[in-house]
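**Q** Have a peek at protein35.txt (compact mmCIF, C-alpha atoms).
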# COMPACT_ATOMS: atom_id res chain seq x y z
CA MET A 1 11.29 34.25 68.07
CA LYS A 2 9.57 36.01 70.98
CA MET A 3 10.92 39.42 71.86
CA LEU A 4 10.69 41.51 75.02
CA VAL A 5 11.59 45.19 74.70
CA ILE A 6 12.33 46.93 78.00
CA PHE A 7 12.05 50.67 77.58
CA THR A 8 13.45 53.06 80.18
CA HIS A 9 12.90 56.74 79.60
CA PRO A 10 10.44 59.07 81.35
CA ASN A 11 9.54 60.95 78.21
CA HIS A 12 7.77 59.74 75.09
CA THR A 13 9.03 62.70 73.08
CA SER A 14 12.61 61.56 73.68
CA LEU A 15 15.05 60.19 71.16
CA SER A 16 15.04 56.95 73.18
CA TYR A 17 11.34 56.65 72.40
CA ALA A 18 12.06 57.18 68.72
CA PHE A 19 14.52 54.25 68.91
CA LEU A 20 11.83 52.14 70.57
CA GLN A 21 9.52 52.88 67.64
CA GLN A 22 12.18 51.72 65.19
CA VAL A 23 12.63 48.47 67.10
CA ILE A 24 8.88 47.86 66.96
CA GLN A 25 8.54 48.84 63.31
CA GLY A 26 11.50 46.75 62.13
CA SER A 27 10.35 43.73 64.14
CA SER A 28 6.84 43.95 62.74
CA GLU A 29 8.31 43.50 59.25
CA ASN A 30 10.42 40.51 60.28
CA GLU A 31 8.57 37.23 59.93
CA ARG A 32 10.99 35.45 62.24
CA ILE A 33 9.71 37.56 65.13
CA GLU A 34 6.35 36.14 66.07
CA GLU A 35 5.48 38.36 69.03
CA VAL A 36 6.79 41.52 70.67
CA GLN A 37 5.99 42.62 74.21
CA VAL A 38 7.00 46.09 75.39
CA LEU A 39 7.69 46.76 79.06
CA ASP A 40 7.77 50.53 79.60
CA LEU A 41 9.20 50.76 83.12
CA TYR A 42 8.25 54.40 83.66
CA ALA A 43 4.74 54.03 82.25
CA GLU A 44 4.36 50.92 84.41
CA SER A 45 5.47 52.86 87.53
CA PHE A 46 7.83 49.99 88.21
CA ASN A 47 9.30 50.06 91.72
CA PRO A 48 13.08 49.78 91.29
CA VAL A 49 13.91 49.56 95.00
CA LEU A 50 15.04 46.11 96.10
CA VAL A 51 14.17 45.52 99.75
CA PHE A 52 15.18 42.55 101.85
CA ASN A 53 15.23 42.29 105.61
CA GLU A 54 14.07 40.10 108.49
CA ASP A 55 10.52 39.91 107.13
CA LYS A 56 11.31 39.69 103.44
CA ARG A 57 14.23 37.32 103.02
CA ARG A 58 16.64 37.70 100.15
CA ARG A 59 16.51 33.97 99.49
CA ASP A 60 12.77 34.27 98.75
CA MET A 61 13.15 37.07 96.20
CA HIS A 62 13.00 34.61 93.30
CA LYS A 63 9.39 33.82 94.17
CA ASP A 64 8.19 37.28 95.27
CA PRO A 65 4.54 37.25 94.09
CA GLU A 66 4.63 40.96 93.17
CA LEU A 67 7.26 40.28 90.53
CA GLU A 68 5.71 37.09 89.16
CA GLN A 69 4.41 38.67 85.94
CA TYR A 70 7.84 40.17 85.19
CA ARG A 71 9.62 36.87 85.77
CA LYS A 72 7.18 35.11 83.44
CA GLN A 73 7.80 37.75 80.80
CA LEU A 74 11.57 37.32 81.02
CA LEU A 75 11.30 33.54 80.77
CA TRP A 76 8.91 33.83 77.83
CA ALA A 77 11.32 35.95 75.75
CA ASP A 78 13.94 34.51 73.42
CA LYS A 79 15.38 37.95 72.79
CA ILE A 80 15.54 40.83 75.27
CA VAL A 81 16.00 44.34 73.89
CA LEU A 82 16.89 47.18 76.26
CA VAL A 83 16.38 50.78 75.14
CA TYR A 84 17.72 53.49 77.49
CA PRO A 85 19.76 56.66 77.76
CA ILE A 86 23.18 56.68 79.39
CA TRP A 87 23.26 58.77 82.55
CA TRP A 88 26.58 59.08 84.41
CA GLY A 89 28.16 56.44 82.22
CA ARG A 90 25.52 53.75 82.86
CA PRO A 91 21.79 53.04 82.47
CA PRO A 92 19.22 54.98 84.54
CA ALA A 93 18.59 53.79 88.10
CA MET A 94 15.11 52.69 86.98
CA LEU A 95 16.54 50.00 84.68
CA LEU A 96 19.23 48.95 87.13
CA GLY A 97 16.54 48.63 89.78
CA TYR A 98 14.54 46.36 87.49
CA ILE A 99 17.66 44.20 87.41
CA ASP A 100 18.19 44.40 91.19
CA GLN A 101 14.59 43.27 91.67
CA LEU A 102 14.26 40.62 88.96
CA PHE A 103 17.63 38.93 88.61
CA ALA A 104 17.39 37.07 91.88
CA SER A 105 19.35 34.04 92.95
CA ASN A 106 17.53 30.81 91.97
CA PHE A 107 15.67 32.64 89.24
CA ALA A 108 18.43 34.17 87.08
CA TYR A 109 21.36 32.11 88.41
CA ARG A 110 22.11 29.40 90.91
CA ASP A 111 25.20 29.41 93.09
CA LYS A 112 27.54 26.48 92.72
CA LYS A 113 31.15 25.69 93.55
CA GLY A 114 33.68 27.83 91.73
CA LEU A 115 33.76 31.48 90.72
CA LEU A 116 30.84 31.62 88.33
CA PRO A 117 27.31 30.42 89.12
CA GLU A 118 25.03 28.43 86.85
CA GLY A 119 23.23 30.88 84.58
CA LEU A 120 19.50 30.13 84.48
CA LEU A 121 18.65 32.43 81.55
CA LYS A 122 20.83 30.50 79.10
CA GLY A 123 19.91 30.50 75.42
CA LYS A 124 18.43 33.99 75.33
CA SER A 125 20.07 36.86 73.48
CA VAL A 126 20.22 40.55 74.37
CA VAL A 127 20.43 43.80 72.40
CA CYS A 128 21.25 47.05 74.25
CA ILE A 129 20.38 50.30 72.50
CA SER A 130 21.67 53.32 74.36
CA THR A 131 21.94 57.01 73.60
CA MET A 132 24.24 59.52 75.18
CA LYS A 133 25.02 63.16 74.94
CA GLY A 134 28.81 62.76 74.92
CA PRO A 135 30.85 61.55 71.97
CA ALA A 136 30.69 57.89 70.96
CA LEU A 137 34.34 57.27 71.84
CA TYR A 138 34.10 58.73 75.34
CA PRO A 139 33.21 55.44 77.13
CA LEU A 140 35.93 53.53 75.29
CA LEU A 141 38.74 56.03 75.67
CA TRP A 142 37.92 57.51 79.06
CA LEU A 143 35.80 54.95 80.93
CA ASN A 144 37.43 51.60 80.07
CA ASN A 145 34.16 50.68 78.36
CA ALA A 146 32.57 50.43 81.80
CA HIS A 147 28.97 50.45 80.56
CA LYS A 148 29.43 47.55 78.16
CA VAL A 149 31.58 45.59 80.60
CA LEU A 150 28.95 45.88 83.32
CA MET A 151 26.14 44.78 81.03
CA ARG A 152 28.01 42.04 79.23
CA LYS A 153 30.17 40.54 81.97
CA ALA A 154 28.88 41.55 85.39
CA LEU A 155 25.24 40.99 84.42
CA PHE A 156 24.32 38.91 81.37
CA ARG A 157 27.28 36.54 81.35
CA TYR A 158 26.58 35.85 85.00
CA VAL A 159 23.04 34.64 84.25
CA GLY A 160 24.15 32.57 81.26
CA ILE A 161 23.50 34.98 78.37
CA LYS A 162 26.50 35.12 76.04
CA SER A 163 24.99 36.88 73.04
CA VAL A 164 24.89 40.61 73.83
CA LYS A 165 24.90 43.17 71.04
CA PHE A 166 25.28 46.92 71.58
CA PHE A 167 24.13 49.96 69.70
CA GLU A 168 25.82 52.70 71.74
CA PHE A 169 25.05 56.02 70.09
CA GLY A 170 26.93 59.18 71.08
CA GLY A 171 26.53 62.86 70.28
CA MET A 172 22.78 62.51 70.51
CA GLU A 173 22.07 66.11 71.48
CA LYS A 174 24.05 67.51 68.57
CA PRO A 175 22.23 68.97 65.58
CA ASN A 176 24.57 66.95 63.33
CA GLY A 177 24.48 63.74 65.40
CA GLN A 178 23.14 61.70 62.45
CA GLN A 179 20.11 60.76 64.51
CA LYS A 180 18.16 59.80 61.42
CA ASN A 181 20.84 57.44 60.15
CA LYS A 182 21.09 55.81 63.54
CA LEU A 183 17.35 55.34 63.86
CA ASP A 184 17.36 53.79 60.42
CA LYS A 185 20.22 51.48 61.34
CA VAL A 186 18.20 50.10 64.24
CA TYR A 187 15.09 49.72 62.08
CA ARG A 188 17.07 47.76 59.48
CA TYR A 189 18.68 45.56 62.11
CA PHE A 190 15.36 44.44 63.55
CA ARG A 191 13.77 43.97 60.15
CA ALA A 192 16.50 41.46 59.26
CA VAL A 193 17.70 39.87 62.49
CA THR A 194 17.59 36.08 62.36
CA SER A 195 18.35 35.01 65.93
CA MET B 1 35.41 69.27 108.43
CA LYS B 2 31.72 68.55 107.87
CA MET B 3 30.90 65.03 106.77
CA LEU B 4 27.87 63.56 105.02
CA VAL B 5 27.54 59.77 105.09
CA ILE B 6 25.13 58.34 102.53
CA PHE B 7 24.10 54.84 103.52
CA THR B 8 22.41 52.50 101.03
CA HIS B 9 21.34 49.11 102.31
CA PRO B 10 17.82 47.90 103.17
CA ASN B 11 18.91 45.99 106.22
CA HIS B 12 20.38 47.25 109.47
CA THR B 13 21.70 43.82 110.39
CA SER B 14 23.90 43.87 107.26
CA LEU B 15 27.65 44.09 107.08
CA SER B 16 27.20 47.41 105.27
CA TYR B 17 25.49 48.73 108.40
CA ALA B 18 28.42 47.53 110.50
CA PHE B 19 30.71 49.56 108.22
CA LEU B 20 28.49 52.59 108.71
CA GLN B 21 28.87 52.21 112.47
CA GLN B 22 32.67 52.16 112.12
CA VAL B 23 32.59 55.35 110.05
CA ILE B 24 30.50 57.05 112.73
CA GLN B 25 32.59 55.75 115.62
CA GLY B 26 35.94 56.64 114.05
CA SER B 27 34.70 60.11 113.08
CA SER B 28 33.40 60.80 116.57
CA GLU B 29 36.95 60.31 117.88
CA ASN B 30 38.47 62.62 115.26
CA GLU B 31 38.56 66.23 116.37
CA ARG B 32 38.99 67.47 112.80
CA ILE B 33 35.47 66.26 112.01
CA GLU B 34 33.12 68.75 113.55
CA GLU B 35 29.79 67.32 112.44
CA VAL B 36 28.48 64.16 110.79
CA GLN B 37 25.13 63.84 109.05
CA VAL B 38 23.87 60.42 107.99
CA LEU B 39 21.50 60.05 105.05
CA ASP B 40 20.01 56.54 105.13
CA LEU B 41 18.34 56.36 101.72
CA TYR B 42 16.23 53.29 102.49
CA ALA B 43 15.13 54.53 105.92
CA GLU B 44 14.29 57.85 104.28
CA SER B 45 12.20 56.10 101.59
CA PHE B 46 14.09 58.18 99.07
CA ASN B 47 12.50 58.12 95.60
CA PRO B 48 15.29 57.19 93.18
CA VAL B 49 13.25 57.63 90.00
CA LEU B 50 14.23 60.68 87.98
CA VAL B 51 11.27 61.98 85.99
CA PHE B 52 11.33 64.74 83.42
CA ASN B 53 8.76 65.47 80.77
CA GLU B 54 6.64 68.24 79.31
CA ASP B 55 5.43 69.36 82.75
CA LYS B 56 8.61 68.83 84.70
CA ARG B 57 11.50 70.09 82.60
CA ARG B 58 14.95 68.64 82.91
CA ARG B 59 16.47 72.11 82.97
CA ASP B 60 14.52 72.87 86.16
CA MET B 61 15.71 69.78 88.03
CA HIS B 62 18.44 71.74 89.82
CA LYS B 63 15.77 73.71 91.67
CA ASP B 64 13.17 70.98 92.23
CA PRO B 65 11.71 71.96 95.64
CA GLU B 66 11.28 68.32 96.71
CA LEU B 67 15.03 67.81 96.57
CA GLU B 68 16.01 71.11 98.18
CA GLN B 69 16.99 69.58 101.54
CA TYR B 70 19.24 67.02 99.84
CA ARG B 71 20.97 69.67 97.74
CA LYS B 72 21.63 71.76 100.85
CA GLN B 73 23.08 68.74 102.60
CA LEU B 74 25.44 68.01 99.70
CA LEU B 75 26.60 71.63 99.55
CA TRP B 76 27.09 71.70 103.31
CA ALA B 77 29.44 68.69 103.34
CA ASP B 78 33.21 68.95 102.89
CA LYS B 79 33.53 65.18 102.75
CA ILE B 80 30.98 62.75 101.31
CA VAL B 81 31.18 59.12 102.39
CA LEU B 82 29.18 56.47 100.51
CA VAL B 83 28.56 53.09 102.14
CA TYR B 84 26.91 50.44 99.94
CA PRO B 85 27.03 46.86 98.71
CA ILE B 86 28.04 46.01 95.16
CA TRP B 87 25.19 44.44 93.18
CA TRP B 88 25.88 43.36 89.59
CA GLY B 89 29.25 45.09 89.63
CA ARG B 90 27.95 48.50 90.71
CA PRO B 91 26.07 50.27 93.55
CA PRO B 92 22.37 49.50 94.18
CA ALA B 93 19.82 51.30 92.01
CA MET B 94 18.74 53.26 95.11
CA LEU B 95 22.12 55.03 95.33
CA LEU B 96 22.40 55.52 91.57
CA GLY B 97 18.90 57.01 91.61
CA TYR B 98 19.96 59.46 94.32
CA ILE B 99 22.67 60.51 91.87
CA ASP B 100 20.24 60.67 88.92
CA GLN B 101 17.97 62.90 90.98
CA LEU B 102 20.50 65.15 92.74
CA PHE B 103 23.40 65.65 90.37
CA ALA B 104 21.48 67.90 88.02
CA SER B 105 22.90 70.31 85.49
CA ASN B 106 23.43 73.78 87.02
CA PHE B 107 23.63 72.26 90.48
CA ALA B 108 26.44 69.68 90.21
CA TYR B 109 27.98 70.91 86.95
CA ARG B 110 27.52 73.58 84.32
CA ASP B 111 27.94 72.90 80.63
CA LYS B 112 30.58 74.91 78.83
CA LYS B 113 32.53 74.65 75.59
CA GLY B 114 34.77 71.61 75.35
CA LEU B 115 34.42 68.02 76.47
CA LEU B 116 34.20 68.46 80.20
CA PRO B 117 31.77 70.77 82.00
CA GLU B 118 32.56 73.05 84.92
CA GLY B 119 32.26 70.99 88.11
CA LEU B 120 30.21 72.83 90.71
CA LEU B 121 31.05 70.55 93.65
CA LYS B 122 34.76 71.36 93.52
CA GLY B 123 36.80 71.16 96.72
CA LYS B 124 34.86 68.33 98.31
CA SER B 125 36.33 64.86 98.81
CA VAL B 126 34.67 61.46 98.57
CA VAL B 127 35.20 58.07 100.21
CA CYS B 128 33.41 55.00 98.79
CA ILE B 129 33.11 51.97 101.07
CA SER B 130 31.68 48.96 99.26
CA THR B 131 31.27 45.32 100.09
CA MET B 132 30.83 42.45 97.69
CA LYS B 133 30.39 38.74 97.79
CA GLY B 134 32.92 37.96 95.05
CA PRO B 135 36.69 38.09 95.49
CA ALA B 136 38.42 41.46 95.81
CA LEU B 137 40.31 41.05 92.53
CA TYR B 138 37.21 40.20 90.48
CA PRO B 139 36.39 43.81 89.44
CA LEU B 140 40.00 44.53 88.52
CA LEU B 141 40.74 41.37 86.58
CA TRP B 142 37.35 40.67 85.02
CA LEU B 143 35.46 43.98 84.91
CA ASN B 144 38.13 46.53 83.89
CA ASN B 145 37.58 48.17 87.26
CA ALA B 146 34.18 49.34 85.99
CA HIS B 147 32.77 50.27 89.40
CA LYS B 148 35.67 52.53 90.35
CA VAL B 149 35.88 54.04 86.88
CA LEU B 150 32.19 54.94 86.90
CA MET B 151 32.38 56.53 90.35
CA ARG B 152 35.71 58.31 89.89
CA LYS B 153 35.57 59.41 86.26
CA ALA B 154 32.01 59.33 84.96
CA LEU B 155 30.57 60.83 88.14
CA PHE B 156 32.80 62.66 90.61
CA ARG B 157 35.41 63.99 88.22
CA TYR B 158 32.59 65.33 86.10
CA VAL B 159 31.25 67.46 88.96
CA GLY B 160 34.71 68.67 89.97
CA ILE B 161 35.61 66.22 92.75
CA LYS B 162 39.12 64.87 92.25
CA SER B 163 39.77 63.27 95.63
CA VAL B 164 37.99 59.89 95.63
CA LYS B 165 39.21 57.11 97.91
CA PHE B 166 37.90 53.53 97.76
CA PHE B 167 37.58 50.77 100.28
CA GLU B 168 36.36 47.95 98.03
CA PHE B 169 36.03 44.84 100.17
CA GLY B 170 35.55 41.40 98.57
CA GLY B 171 34.74 37.94 99.89
CA MET B 172 32.30 39.46 102.37
CA GLU B 173 30.06 36.40 102.68
CA LYS B 174 32.96 34.09 103.48
CA PRO B 175 33.49 32.87 107.03
CA ASN B 176 37.19 33.77 106.67
CA GLY B 177 36.63 37.08 104.87
CA GLN B 178 38.48 39.04 107.58
CA GLN B 179 35.40 41.13 108.17
CA LYS B 180 36.65 42.23 111.58
CA ASN B 181 39.98 43.46 110.22
CA LYS B 182 38.22 45.37 107.48
CA LEU B 183 35.77 47.00 109.87
CA ASP B 184 38.70 48.00 112.02
CA LYS B 185 40.57 49.42 109.03
CA VAL B 186 37.64 51.73 108.27
CA TYR B 187 37.34 52.76 111.92
CA ARG B 188 41.04 53.65 112.06
CA TYR B 189 40.85 55.58 108.79
CA PHE B 190 38.07 57.84 110.02
CA ARG B 191 39.65 58.31 113.43
CA ALA B 192 42.77 59.72 111.78
CA VAL B 193 41.72 61.27 108.47
CA THR B 194 42.91 64.86 108.16
CA SER B 195 41.18 66.12 105.02
Can you dump the structure from the file as structure tokens?

**A**
Amino acid sequence: MKMLVIFTHPNHTSLSYAFLQQVIQGSSENERIEEVQVLDLYAESFNPVLVFNEDKRRRDMHKDPELEQYRKQLLWADKIVLVYPIWWGRPPAMLLGYIDQLFASNFAYRDKKGLLPEGLLKGKSVVCISTMKGPALYPLLWLNNAHKVLMRKALFRYVGIKSVKFFEFGGMEKPNGQQKNKLDKVYRYFRAVTS
Amino acid sequence: MKMLVIFTHPNHTSLSYAFLQQVIQGSSENERIEEVQVLDLYAESFNPVLVFNEDKRRRDMHKDPELEQYRKQLLWADKIVLVYPIWWGRPPAMLLGYIDQLFASNFAYRDKKGLLPEGLLKGKSVVCISTMKGPALYPLLWLNNAHKVLMRKALFRYVGIKSVKFFEFGGMEKPNGQQKNKLDKVYRYFRAVTS
């Protein structure tokens, strides 16, 4: 199994970064995972702003040479792991901009008759690891689970990815937020994951 | 009434731009609206990437000098109108990055005891005008209304803004999508809006 970890946080002293380390450590002890690539969007100075206009057509986005390396990396991966904080109920603009830029028509999906397109990233699986300040039940009880719905249905299902697992950790700025237990949970998951 | 229109689309030949024009035209015929400012995030080359780290502390974001003009503009406005397309079930990363950057603690809200903070943008009203390719009922039936929930509850309610109106237009790439009727609806709304 080849694994791409997309990390989105500006600060390497953050709790998000500690979760990234657990993903890497657990994976390194899992013989089913043959290679891990980390894409650190902030460290990479990724440009999250999707532009299309008269000169740069939207229909050509799927072959934009500037994004070639990132498309290759996505195609290479069997498993895509996203590590990010929740800001305003959803991932940071940086990560959503990576999606705006990369998940182009004729790369991630192909339009066909009917409501849903043909997903071109079929067969991959996704794990989303997110941290938030508010309580863990806040998105479920107050936000109709908007974050998970957007990731699972509006995004990954649309490009053909049905296997999406979430670790959505709340209360992460609390002294008693069980940060250590949660870090350990992620470590143990990646040490043992089989597909 | 002072009105700020935040426009987020890379292309001025887009339908989103046509909606912007209707907002401006309708408002210009409404004597209750004394001044309109337009913030075109793409034209402005706005940087949507929120950075905080050891050198640039998150707690100082609310007084970041580079964002001073944008904070003033937000405070100045009685009504904030957002015009944008829906990508992957939510606004473009550019607009969400404007929010990541601007809506800082101690500018847009202030933490206090209890679940919800004190909203510091109280008294303002918001109108969201969005266009999408998919059918109008898709977000409601398939996505738990995630887009509206995120804007209304996770964002504006949090900073004290209770009045949030949506024009969420679907089927916008269809030849029979009633684009003209919808443009006219927005024009008539802004010509007559009283608060």

**Q** Give me the segment 133-183 of chain B side of the contact with segment 136-156 of chain A, cut-off 7 Å, one line per residue showing its nearest atom pair and distance in Å at one decimal, counting all atoms listed in the file, sorted by chain and residue number, as JSON lines.

**A**
{"residue": "B:Leu143", "atom": "CA", "partner": "A:Val149", "partner_atom": "CA", "distance": 6.0}
{"residue": "B:Asn144", "atom": "CA", "partner": "A:Asn144", "partner_atom": "CA", "distance": 6.4}
{"residue": "B:Ala146", "atom": "CA", "partner": "A:Ala146", "partner_atom": "CA", "distance": 4.6}
{"residue": "B:Val149", "atom": "CA", "partner": "A:Leu143", "partner_atom": "CA", "distance": 6.0}
{"residue": "B:Leu150", "atom": "CA", "partner": "A:Ala146", "partner_atom": "CA", "distance": 6.8}
{"residue": "B:Lys153", "atom": "CA", "partner": "A:Leu143", "partner_atom": "CA", "distance": 7.0}

**Q** With only C-alpha atoms as the counted atoms, please give the residues lying no more than 8 Å from segment 8-25 of chain A, apart from itself and same-chain residues fewer than 5 positions off, as a PyMOL selection string.

**A** (chain A and resi 36+40-43+82-85+92+94-95+129-131+183-184+186-187+190-191) or (chain B and resi 50-54)

**Q** So that I can check the surroundings of Met132 of chain A, please list as a PyMOL selection string every protein, DNA and RNA residue that reaches within 9 Å of it, counting only C-alpha atoms and ignoring chain neighbours fewer than 3 positions away.

**A** chain A and resi 85-87+89+135-136+168-173

**Q** Enclose all atoms of segment 130-139 of chain A listed in the file in an axis-aligned box, grow every side by 3 Å, and hand back centre and edge lengths in Å to one decimal, as AutoDock Vina command-line options.

**A**
--center_x 28.0 --center_y 58.2 --center_z 74.0 --size_x 18.7 --size_y 15.8 --size_z 12.2

**Q** Find the residues around Arg59 of chain B up to 10 Å (all atoms listed in the file counted), leave out those fewer than 6 positions away in its own chain, and share them as a ChimeraX atom specification.

**A** /B:52,104-106

**Q** Find the residues around Leu116 of chain A up to 10 Å (all atoms listed in the file counted), leave out those fewer than 4 positions away in its own chain, and share them as a list in words.

**A** Tyr109, Arg110, Asp111, Lys112, Arg157, Tyr158, Val159 and Gly160 of chain A; Gly134 of chain B

**Q** Rounded to one decimal, what separation in Å do you get between atom CA of Val81 of chain B and atom CA of Glu118 of chain B?

**A**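 It comes out at 22.4 Å.
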
**Q** Starting from the point (14.3, 36.1, 86.7), work out which residues of protein, DNA or RNA have an atom no more than 6 Å away when counting all atoms listed in the file; state them as a PyMOL selection string.

**A** chain A and resi 71+102-103+107-108

**Q** Looking at B:Asp60, B:Asp55, B:Asp78, B:Glu66, which one is nearest to chain A, with distances taken over all atoms listed in the file?

**A**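 Looking only at the distances to chain A, the closest residue turns out to be B:Asp55.
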
**Q** What is the distance between atom CA of Phe167 of chain A and atom CA of Val126 of chain A, in Å to one decimal?

**A**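 Pair atom CA of Phe167 of chain A / atom CA of Val126 of chain A returns 11.2 Å.
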
**Q** Please indicate the distance in Å from atom CA of Gly26 of chain B to atom CA of Arg188 of chain B, rounded to one decimal place.

**A**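 So the two atoms, atom CA of Gly26 of chain B and atom CA of Arg188 of chain B, lie 6.2 Å apart.
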
**Q** Which is closest to chain A among B:Gln69, B:Ser28, B:Gln101, B:Gln179, if we use all atoms listed in the file?

**A**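 Ranked by minimum distance to chain A, first place goes to B:Gln101.
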
**Q** What would segment 150-157 of chain B look like if you wrote it out as a CSV table (one decimal), in the first residue's frame, with all heavy atoms included, from the block I just posted?

**A**
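Written output follows (decode_38.csv):
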chain,number,residue,atom,x,y,z
B,150,LEU,N,-22.9,25.9,7.2
B,150,LEU,CA,-21.6,26.4,7.5
B,150,LEU,C,-21.6,28.0,7.5
B,150,LEU,O,-20.9,28.6,8.4
B,150,LEU,CB,-20.5,25.9,6.5
B,150,LEU,CG,-20.1,24.5,6.7
B,150,LEU,CD1,-19.0,24.1,5.6
B,150,LEU,CD2,-19.5,24.3,8.1
B,151,MET,N,-22.2,28.6,6.5
B,151,MET,CA,-22.2,30.0,6.5
B,151,MET,C,-23.0,30.6,7.6
B,151,MET,O,-22.6,31.5,8.3
B,151,MET,CB,-22.8,30.5,5.1
B,151,MET,CG,-22.0,30.0,3.9
B,151,MET,SD,-20.2,30.5,4.0
B,151,MET,CE,-20.3,32.1,3.1
B,152,ARG,N,-24.3,30.1,7.8
B,152,ARG,CA,-25.2,30.7,8.8
B,152,ARG,C,-24.7,30.4,10.2
B,152,ARG,O,-24.6,31.3,11.0
B,152,ARG,CB,-26.6,30.1,8.6
B,152,ARG,CG,-27.6,30.8,9.4
B,152,ARG,CD,-29.0,30.1,9.4
B,152,ARG,NE,-29.6,30.0,8.1
B,152,ARG,CZ,-30.3,31.0,7.5
B,152,ARG,NH1,-30.4,32.1,8.1
B,152,ARG,NH2,-30.8,30.8,6.3
B,153,LYS,N,-24.4,29.1,10.5
B,153,LYS,CA,-24.2,28.8,11.9
B,153,LYS,C,-22.7,28.8,12.3
B,153,LYS,O,-22.3,29.3,13.3
B,153,LYS,CB,-24.8,27.4,12.2
B,153,LYS,CG,-26.3,27.3,12.2
B,153,LYS,CD,-26.7,26.0,12.6
B,153,LYS,CE,-28.2,25.9,12.7
B,153,LYS,NZ,-28.6,24.5,13.1
B,154,ALA,N,-21.9,28.1,11.5
B,154,ALA,CA,-20.5,28.0,11.9
B,154,ALA,C,-19.7,29.3,11.8
B,154,ALA,O,-18.7,29.5,12.4
B,154,ALA,CB,-19.8,26.9,11.1
B,155,LEU,N,-20.2,30.2,10.9
B,155,LEU,CA,-19.5,31.4,10.6
B,155,LEU,C,-20.3,32.6,11.2
B,155,LEU,O,-19.9,33.2,12.2
B,155,LEU,CB,-19.2,31.6,9.1
B,155,LEU,CG,-18.5,32.9,8.7
B,155,LEU,CD1,-17.2,33.0,9.4
B,155,LEU,CD2,-18.4,33.0,7.2
B,156,PHE,N,-21.3,33.0,10.5
B,156,PHE,CA,-21.9,34.3,10.8
B,156,PHE,C,-22.6,34.4,12.2
B,156,PHE,O,-22.5,35.4,12.9
B,156,PHE,CB,-22.9,34.8,9.7
B,156,PHE,CG,-22.2,35.1,8.5
B,156,PHE,CD1,-22.4,34.4,7.3
B,156,PHE,CD2,-21.2,36.1,8.5
B,156,PHE,CE1,-21.7,34.7,6.1
B,156,PHE,CE2,-20.5,36.4,7.3
B,156,PHE,CZ,-20.8,35.7,6.2
B,157,ARG,N,-23.3,33.3,12.6
B,157,ARG,CA,-23.9,33.3,13.9
B,157,ARG,C,-22.8,33.4,15.0
B,157,ARG,O,-23.0,34.1,16.0
B,157,ARG,CB,-24.6,32.0,14.1
B,157,ARG,CG,-25.3,31.8,15.4
B,157,ARG,CD,-26.5,32.9,15.5
B,157,ARG,NE,-27.1,32.8,16.8
B,157,ARG,CZ,-28.2,32.0,17.0
B,157,ARG,NH1,-28.7,31.2,16.1
B,157,ARG,NH2,-28.7,32.0,18.2
